[in-house]
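Take a look at the structure set out below.
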There are 2 protein chains.
Amino acid sequence: MAAVYIAGVGMTKFGKSSQTLAGLFCEAAVSALSNSPIQEVDALYIGVMNPEEFTGDSNIASQIAESLGVIGLPAVRVETASSAGAAALHAAWQAVASGYYRHVLVLGGEKMTHLSTSATTRILAEVIDKQERQCGSTMPALAAMITERYRKRYRLSHSRLERMLCRVAMKNHKNGSHNPYAQFRQAITEKSYFASKFVSTPLRLYDCSPITDGAAAMILTSERGDVVVSGIGQGTGPLSLRERDSFTSFRATQIAAARAYQMAGTSPKEIDFAEVHDAFTPFEIICTEDLGFFPRGGGGHAVEEGKTSLEGPLPINPSGGLKSRGHPVGASGVAQVVEVVWRLRGDTEAKLKREAKRALAQSTGGLGANNFVTIVERADAPLATRPRISPSAPPARQRPSAKKSLPAPISGEGRIETFTILYVTPDGFLPPLALALIRERQGSLLMAQGEDISHLKIGREVYLRQVGDRYLFTVKSHLTKVREALRKLLRRIPPRPPKGKASAKKGAP
Amino acid sequence: MAAVYIAGVGMTKFGKSSQTLAGLFCEAAVSALSNSPIQEVDALYIGVMNPEEFTGDSNIASQIAESLGVIGLPAVRVETASSAGAAALHAAWQAVASGYYRHVLVLGGEKMTHLSTSATTRILAEVIDKQERQCGSTMPALAAMITERYRKRYRLSHSRLERMLCRVAMKNHKNGSHNPYAQFRQAITEKSYFASKFVSTPLRLYDCSPITDGAAAMILTSERGDVVVSGIGQGTGPLSLRERDSFTSFRATQIAAARAYQMAGTSPKEIDFAEVHDAFTPFEIICTEDLGFFPRGGGGHAVEEGKTSLEGPLPINPSGGLKSRGHPVGASGVAQVVEVVWRLRGDTEAKLKREAKRALAQSTGGLGANNFVTIVERADAPLATRPRISPSAPPARQRPSAKKSLPAPISGEGRIETFTILYVTPDGFLPPLALALIRERQGSLLMAQGEDISHLKIGREVYLRQVGDRYLFTVKSHLTKVREALRKLLRRIPPRPPKGKASAKKGAP
């Protein structure tokens with residue numbers, strides 16, 4: 001296996017752009033070439049999530065080859081939802097490591113701001129499981145439900161959780177204020193955080209990464225350079241929330257990280273800084289736990305204690321992250337590694353406190369369904385921990401089989417596992433919309449839409465009914481519980497013997 | 001670079017299926033595992049063209065990992081329009097050759113038949129250049145224009161060309177009649193071919209591959225087996241017809257073939273049979289020329305002489321090809337290699353005349369915009385020509401740059417380069433629709449819609465006008481030419497001096 005180095009890197013400014021998707025890709029490519037000793041490449045690897053629906057572009061790989069004036073060159077598009085950029089990077093790594101290509105250009109990009117927020121939300125929501133989408137779930141809604149569950153599991157008060165999330169947002173906006181490529185370059189205050197509206201409780205606008213246009217690029221090469229990709233790893237997880245073992249961590253990240261650390265011969269302790277997928281502020285907290293930087297439930301405390309700030313021992317998202325730099329979905333996986341390379345080379349305005357030798361980038365596809373970890377080192381990193389570029393068995397080989405999941409029978413009653421109130425709803429749903437993951441009596445989980453937004457709490461009992469493809473729930477209030485108890489009592493009293501039809505119609509003339 | 005072998009292979013029956021896309025992938029995977037010594041894999045590589053629009057599925061790689069019951073395993077989707085299956089296969093090859101994975105499952109599939117023909121045609125047409133689409137161009141329309149140009153270039157009469165196309169269709173349907181996985185298993189007669197309706201002149205229904213559901217699968221491994229992938233190559237070409245150097249060949253195929261032959265240390269002469277991308281019958285003819293099997297303009301004669309039949313010296317599409325097996329776009333690139341492996345192993349009903357040691361599969365993305373060539377050999381093939389598994393430089397390394405193509409000014413007149421009359425039109429266009437590639441006076445090419453369908457011929461002069469985003473053309477008829485000549489003549493006669501306003505209004509009271 002050949003070592004794979006990173007030559008030129010570059011990106012467009014992220015934000016609202018008047019350029020076409022092809023134009024963004026071209027600008028990023030030119031930017032990467034401008035600082036690259038390698039000027040000619042053998043192939044293009046392009047990460048983009050959904051140009052079919054965002055811009056009506058199909059056959060995108062050939063189109064980008066044409067726009068870059070390199071018709072003839074092999075070009076492929078690689079896609080794994082919002083981690084498509086990282087997927088393209090890893091596929092390109094494999095191509096160079098195999099020796100089939102020597103130099104390849106990796107591109108990640110997306111064009112999203114020209115559509116309405118509801119249209120973009122709908123397209124983004126297609127990465128979610130169908131049953132959960134049918135109730136009106138969006139990415140923020142599911143992220144919110146994970147957050148509420150995290151709060152409950154680690155016994156945090158509502159205000160304590162909010163302070164933690166606020167700290168993530170403030171840190172990333174502060175970091176982004178130094179980043180000339182970031183969509184938002186202003187620091188935010190605690191006051192402005194708490195003044196921002198709820199998107200989906202407990203997540204506010206300032207907890208969510210924005211809708212953004214942008215592209216990023218880099219050249220991977222087998223020619224020795226100053227920065228080397230020493231470890232890569234990928235893992236998948238279920239699309240739906242209801243199929244998960246854990247609601248407070250992403251196994252896909254853990255799998256990806258284990259493989260990447262093993263390959264690089266390193267551990268979380270040896271990482272100097274990291275760019276992680278903070279599409280939602282709580283995801284940064286969970287991610288730092290999944291990557292082994294902090295113990296379970298310790299990610300929120302770490303950010304409160306300033307451990308992950310630019311001045312702390314382990315800066316997280318020194319670039320500002322998706323939160324402040326923006327999140328053109330297909331671009332983010334490449335942009336994170338571009339930022340990592342800039343910092344390893346010392347090519348940034350805001351310097352890290354300590355010189356960094358080794359960093360990590362983590363990218364998330366969908367709701368933690370297809371995640372990537374990339375470890376990048378300076379080629380002059382101490383030999384003891386130099387990357388072991390050798391094949392290593394993946395953590396878990398598996399036997400594919402056709403898994404048939406039958407719809408579970410619905411008993412009519414259940415209990416809330418987690419919930420949210422969604423204020424920015426997809427087309428066809430009126431806000432505020434209560435959504436909850438319900439464990440019904442027979443043990444299976446399902447996503448349901450609330451008939452109203454009151455009395456929501458984890459553990460509350462609910463009635464369930466099915467309307468078409470959707471499930472609706474009503475929380476059993478104190479009153480309904482009394483009614484139920486009465487009904488049971490009445491059932492125990494033997495019915496009076498019937499007195500004939502005539503008597504029943506006594507009042508009739 | 002490790003040698004990459006093919007273990008189990010399999011596919012679903014192609015045709016109209018009541019299964020979901022995930023169901024098709026599962027069936028193909030189970031079929032490949034049923035004859036594989038390797039039962040566990042490290043990753044999934046999935047080729048699928050447009051599940052976003054065909055079935056509303058996004059995040060497909062994670063979804064398929066879930067359906068196959070292998071959540072946790074890395075899974076990526078690779079896409080290059082209609083060659084997506086081949087793209088996934090080549091990316092998977094690179095992953096195994098790099099040593100990063102040992103065994104991977106490659107899947108290709110598409111679900112298309114549940115939509116109306118016009119909806120499917122519209123989605124398929126998105127792979128075409130936008131300007132050409134705006135006039136109503138579809139894939140069959142562009143294929144037809146290429147065919148008309150081929151006829152003209154090689155001085156074939158209309159009837160001669162039609163006989164050649166008919167022979168391709170008859171051969172592939174006859175081959176498909178032996179294939180239990182094929183969508184169409186009946187041989188067709190010359191009479192039925194000529195009775196089939198025009199889709200886009202000169203292409204009839206029997207010249208076009210059908211709309212199909214299906215999936216194919218194979219396991220690639222570094223563990224020594226009986227069949228080895230000895231050469232892979234990819235090339236791209238322009239999306240549009242008007243940007244091409246040649247209208248009668250696909251450079252993307254030539255580039256892909258050159259690389260694959262070089263890597264395998266072989267040549268067209270040493271190929272025993274091939275599966276090529278006959279989405280349209282003329283494409284099979286052109287492809288056999290691009291692959292170097294026959295000289296330029298010789299592909300049609302070869303099929304007439306029976307050289308490419310099952311009994312001939314170089315069987316082309318012994319499986320029945322896309323034409324008869326069907327063309328679930330993302331599946332075809334994998335299915336072709338599955339068919340090749342079956343024939344190399346002798347696992348098919350209809351045997352080849354001679355024992356085959358080495359075969360080739362060629363897949364086309366869009367209108368020859370992203371093409372792949374894969375060479376597969378029996379591991380016991382004679383040593384002299386055993387694959388050279390070693391890095392080899394790609395034929396042409398290129399420097400990317402931002403290519404700005406400005407819209408050409410329109411002079412108002414031009415000449416027909418090629419044309420077709422489209423009878424199966426996309427939504428918003430009424431049949432019959434005349435379409436032509438016009439070289440306007442200043443030398444640039446553009447696609448235009450005819451104001452009527454008469455007088456069409458390569459070389460004819462036309463008037464051009466722009467209406468919104470579209471160009472319209474009218475052929476200069478004999479009458480208009482006379483009128484034009486008269487007008488020119490009149491311009492030479494000096495105008496009579498004006499006689500004042502009063503005389504002009506002589507008739508007024």
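Residues are named by chain letter and number: chains run A, B, ... in the order of the structure tokens, numbers start at 1 in each chain, and ligands are numbered from 1 in the order shown.
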
Test item: chain B residues at most 6 Å from chain A, counting only C-alpha atoms, as a ChimeraX atom specification: /B:1,26,39-42,58-59,67-74,76-81,94-95,97-100,126-127,234-237,391,397-403

Residues near range 133-150 of chain A, cut-off 8 Å, only C-alpha atoms, skip fewer than 4 positions along chain, as a PyMOL selection string: chain A and resi 121-122+124-126+128-129+154+199-203+208+241+247-248+280+282-283+366-367+417-422+425-426+429+435-436+447-449+458+469-471

Write to file, as a CSV table (one decimal), in the first residue's frame, the residues of the selection just made, with C-alpha atoms.
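To be explicit, this is the file written out as again14.csv:
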chain,number,residue,atom,x,y,z
A,121,THR,CA,-35.5,21.0,4.2
A,122,ARG,CA,-37.6,18.5,2.2
A,124,LEU,CA,-32.3,17.1,3.1
A,125,ALA,CA,-35.0,15.1,4.9
A,126,GLU,CA,-34.9,12.4,2.2
A,128,ILE,CA,-34.2,10.0,6.8
A,129,ASP,CA,-36.1,6.7,7.1
A,154,TYR,CA,-26.9,12.2,31.7
A,199,VAL,CA,-36.3,25.2,15.3
A,200,SER,CA,-37.1,22.0,17.2
A,201,THR,CA,-37.1,22.0,21.0
A,202,PRO,CA,-34.5,22.1,22.6
A,203,LEU,CA,-32.6,23.2,19.5
A,208,CYS,CA,-28.2,24.4,13.6
A,241,LEU,CA,-34.0,6.5,15.0
A,247,PHE,CA,-30.0,7.2,21.1
A,248,THR,CA,-27.0,9.2,22.6
A,280,PHE,CA,-26.2,20.5,15.2
A,282,PRO,CA,-25.3,18.5,20.3
A,283,PHE,CA,-23.7,16.4,17.6
A,366,GLY,CA,-27.6,11.6,7.3
A,367,LEU,CA,-28.5,11.0,11.0
A,417,GLU,CA,-38.9,7.4,24.4
A,418,THR,CA,-38.0,10.9,23.3
A,419,PHE,CA,-39.8,13.8,21.6
A,420,THR,CA,-39.5,17.3,20.2
A,421,ILE,CA,-41.7,20.2,19.2
A,422,LEU,CA,-40.9,21.2,15.6
A,425,THR,CA,-42.0,22.1,9.5
A,426,PRO,CA,-41.7,20.5,6.1
A,429,PHE,CA,-47.2,20.1,8.2
A,435,LEU,CA,-43.1,14.4,17.3
A,436,ALA,CA,-42.2,11.5,19.5
A,447,MET,CA,-42.3,7.5,15.2
A,448,ALA,CA,-45.6,9.3,15.7
A,449,GLN,CA,-47.1,12.7,15.4
A,458,ILE,CA,-39.9,11.1,28.3
A,469,ASP,CA,-49.3,5.7,6.7
A,470,ARG,CA,-48.9,7.8,9.9
A,471,TYR,CA,-49.2,7.2,13.5

Assign secondary structure with DSSP using the backbone only, and return the residues of range 24-200 of chain B in alpha helix (DSSP H) as number ranges by chain. B: 24-33, 51-54, 60-67, 84-97, 117-125, 130-134, 139-153, 158-176, 190-195

Which neighbours of range 305-318 of chain A fall inside 8 Å, counting only C-alpha atoms, when residues of the same chain fewer than 3 positions from it are skipped, and could you give them as a list in words?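 Result of the neighbour search: Lys171, Asn172, Asn175, Gly176, Ile271, Asp272, Phe273, Ala274, Glu275, Val276, His301, Ala302, Gly321, Leu352 and Lys353 of chain A.
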
Excluding Arg460 in chain B and its own-chain neighbours fewer than 2 positions away, which residues fall within 12 Å of it when counting only C-alpha atoms? Please give them as a PDB file with N, CA and C atoms, in the first residue's frame.
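The file below, out29.pdb, is the result:
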ATOM      1  N   GLU B 413     -28.340  32.118 -39.440  1.00  0.00           N
ATOM      2  CA  GLU B 413     -28.336  31.112 -40.512  1.00  0.00           C
ATOM      3  C   GLU B 413     -27.344  30.004 -40.188  1.00  0.00           C
ATOM      4  N   GLY B 414     -27.562  28.838 -40.751  1.00  0.00           N
ATOM      5  CA  GLY B 414     -26.633  27.734 -40.509  1.00  0.00           C
ATOM      6  C   GLY B 414     -26.897  26.559 -41.435  1.00  0.00           C
ATOM      7  N   ARG B 415     -26.322  25.410 -41.071  1.00  0.00           N
ATOM      8  CA  ARG B 415     -26.376  24.238 -41.931  1.00  0.00           C
ATOM      9  C   ARG B 415     -26.585  23.009 -41.030  1.00  0.00           C
ATOM     10  N   ILE B 416     -27.389  22.066 -41.485  1.00  0.00           N
ATOM     11  CA  ILE B 416     -27.662  20.864 -40.675  1.00  0.00           C
ATOM     12  C   ILE B 416     -26.442  19.942 -40.650  1.00  0.00           C
ATOM     13  N   GLU B 417     -25.976  19.606 -39.432  1.00  0.00           N
ATOM     14  CA  GLU B 417     -24.882  18.643 -39.299  1.00  0.00           C
ATOM     15  C   GLU B 417     -25.434  17.234 -39.176  1.00  0.00           C
ATOM     16  N   THR B 418     -26.521  17.106 -38.420  1.00  0.00           N
ATOM     17  CA  THR B 418     -27.253  15.850 -38.350  1.00  0.00           C
ATOM     18  C   THR B 418     -28.626  16.155 -37.774  1.00  0.00           C
ATOM     19  N   PHE B 419     -29.549  15.209 -37.894  1.00  0.00           N
ATOM     20  CA  PHE B 419     -30.933  15.492 -37.487  1.00  0.00           C
ATOM     21  C   PHE B 419     -31.664  14.202 -37.166  1.00  0.00           C
ATOM     22  N   ALA B 436     -32.318  19.106 -34.831  1.00  0.00           N
ATOM     23  CA  ALA B 436     -31.106  19.068 -35.649  1.00  0.00           C
ATOM     24  C   ALA B 436     -29.955  19.763 -34.934  1.00  0.00           C
ATOM     25  N   LEU B 437     -28.781  19.239 -35.184  1.00  0.00           N
ATOM     26  CA  LEU B 437     -27.561  19.892 -34.737  1.00  0.00           C
ATOM     27  C   LEU B 437     -27.161  20.810 -35.885  1.00  0.00           C
ATOM     28  N   ILE B 438     -27.097  22.101 -35.587  1.00  0.00           N
ATOM     29  CA  ILE B 438     -26.852  23.097 -36.637  1.00  0.00           C
ATOM     30  C   ILE B 438     -25.472  23.729 -36.458  1.00  0.00           C
ATOM     31  N   ARG B 439     -24.708  23.811 -37.550  1.00  0.00           N
ATOM     32  CA  ARG B 439     -23.474  24.597 -37.486  1.00  0.00           C
ATOM     33  C   ARG B 439     -23.831  25.968 -38.034  1.00  0.00           C
ATOM     34  N   GLU B 440     -23.827  26.962 -37.119  1.00  0.00           N
ATOM     35  CA  GLU B 440     -24.239  28.279 -37.594  1.00  0.00           C
ATOM     36  C   GLU B 440     -23.051  28.957 -38.274  1.00  0.00           C
ATOM     37  N   SER B 454     -40.287  18.703 -42.611  1.00  0.00           N
ATOM     38  CA  SER B 454     -39.959  18.389 -44.007  1.00  0.00           C
ATOM     39  C   SER B 454     -38.591  18.920 -44.418  1.00  0.00           C
ATOM     40  N   HIS B 455     -38.081  18.392 -45.523  1.00  0.00           N
ATOM     41  CA  HIS B 455     -36.816  18.841 -46.143  1.00  0.00           C
ATOM     42  C   HIS B 455     -35.577  18.626 -45.280  1.00  0.00           C
ATOM     43  N   LEU B 456     -35.623  17.690 -44.333  1.00  0.00           N
ATOM     44  CA  LEU B 456     -34.452  17.492 -43.472  1.00  0.00           C
ATOM     45  C   LEU B 456     -33.404  16.654 -44.187  1.00  0.00           C
ATOM     46  N   LYS B 457     -32.178  17.130 -44.150  1.00  0.00           N
ATOM     47  CA  LYS B 457     -31.077  16.401 -44.780  1.00  0.00           C
ATOM     48  C   LYS B 457     -29.767  16.989 -44.266  1.00  0.00           C
ATOM     49  N   ILE B 458     -28.766  16.146 -44.052  1.00  0.00           N
ATOM     50  CA  ILE B 458     -27.462  16.661 -43.619  1.00  0.00           C
ATOM     51  C   ILE B 458     -26.928  17.597 -44.701  1.00  0.00           C
ATOM     52  N   VAL B 462     -30.274  26.360 -43.254  1.00  0.00           N
ATOM     53  CA  VAL B 462     -31.455  26.689 -42.441  1.00  0.00           C
ATOM     54  C   VAL B 462     -31.405  28.133 -41.950  1.00  0.00           C
ATOM     55  N   TYR B 463     -32.597  28.666 -41.651  1.00  0.00           N
ATOM     56  CA  TYR B 463     -32.709  29.919 -40.907  1.00  0.00           C
ATOM     57  C   TYR B 463     -32.805  29.558 -39.438  1.00  0.00           C
ATOM     58  N   PHE B 473     -35.335  26.210 -36.039  1.00  0.00           N
ATOM     59  CA  PHE B 473     -34.786  26.319 -37.388  1.00  0.00           C
ATOM     60  C   PHE B 473     -35.855  26.036 -38.433  1.00  0.00           C
ATOM     61  N   THR B 474     -35.661  26.620 -39.605  1.00  0.00           N
ATOM     62  CA  THR B 474     -36.509  26.331 -40.765  1.00  0.00           C
ATOM     63  C   THR B 474     -35.567  26.033 -41.919  1.00  0.00           C
ATOM     64  N   VAL B 475     -35.801  24.936 -42.583  1.00  0.00           N
ATOM     65  CA  VAL B 475     -34.951  24.592 -43.728  1.00  0.00           C
ATOM     66  C   VAL B 475     -35.255  25.566 -44.857  1.00  0.00           C
ATOM     67  N   LYS B 476     -34.192  26.049 -45.490  1.00  0.00           N
ATOM     68  CA  LYS B 476     -34.377  26.918 -46.652  1.00  0.00           C
ATOM     69  C   LYS B 476     -34.843  26.026 -47.795  1.00  0.00           C
ATOM     70  N   SER B 477     -36.085  26.183 -48.195  1.00  0.00           N
ATOM     71  CA  SER B 477     -36.608  25.352 -49.284  1.00  0.00           C
ATOM     72  C   SER B 477     -36.163  25.964 -50.613  1.00  0.00           C
ATOM     73  N   HIS B 478     -36.450  25.276 -51.693  1.00  0.00           N
ATOM     74  CA  HIS B 478     -36.138  25.789 -53.028  1.00  0.00           C
ATOM     75  C   HIS B 478     -36.760  27.183 -53.195  1.00  0.00           C
ATOM     76  N   LYS B 481     -35.081  29.857 -51.247  1.00  0.00           N
ATOM     77  CA  LYS B 481     -33.805  30.206 -51.876  1.00  0.00           C
ATOM     78  C   LYS B 481     -34.018  31.162 -53.048  1.00  0.00           C
TER      79      LYS B 481
END

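Straight-line separation from CA of Phe184 in chain B to CA of Arg325 in chain B: 6.3 Å.
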
For Ser267 in chain B, please output as a PyMOL selection string all residues within 10 Å (counting only C-alpha atoms; exclusion window: fewer than 5 positions along the same chain). chain B and resi 257-258+260-262+291-293+385

Rounded to one decimal, what separation in Å do you get between CA of Tyr181 in chain B and CA of Ala381 in chain B?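 About the pair CA of Tyr181 in chain B and CA of Ala381 in chain B: they are 27.8 Å apart.
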
For range 161-165 of chain A, find every residue with an atom within 8 Å (counting only C-alpha atoms), except residues of its own chain fewer than 4 positions away, and show them as a list in words. Arg151, Leu156, Ser157, Ala169, Pro202, Asp207, Thr281, Pro282, Gly300, His301, Val303 and Glu304 of chain A

Residues as selected, C-alpha atoms, written as a short mmCIF file (atom, residue, chain, number, x, y, z; two decimals), in the first residue's frame, can you do that?
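And here's selection06.cif as it stands now:
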data_model
loop_
_atom_site.label_atom_id
_atom_site.label_comp_id
_atom_site.auth_asym_id
_atom_site.auth_seq_id
_atom_site.Cartn_x
_atom_site.Cartn_y
_atom_site.Cartn_z
CA ARG A 151 -30.25 15.32 28.53
CA LEU A 156 -28.91 17.33 32.96
CA SER A 157 -31.44 20.02 33.77
CA ALA A 169 -22.34 27.66 19.36
CA PRO A 202 -34.54 22.05 22.61
CA ASP A 207 -27.80 25.19 17.27
CA THR A 281 -24.36 21.70 18.35
CA PRO A 282 -25.27 18.53 20.34
CA GLY A 300 -20.75 18.78 27.31
CA HIS A 301 -18.65 19.35 30.43
CA VAL A 303 -16.87 22.38 26.21
CA GLU A 304 -18.09 24.18 29.36
#

Show which residues sit within 12 Å of Arg224 in chain B, as a ChimeraX atom specification. Count only C-alpha atoms, and ignore same-chain residues fewer than 3 positions away. /B:2-7,37-38,102-103,220-221,227-229,378-380

Pairwise distance for CA of Thr212 in chain A and CA of Ile188 in chain A, rounded to one decimal in Å: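 Taking CA of Thr212 in chain A and CA of Ile188 in chain A, their separation equals 19.0 Å.
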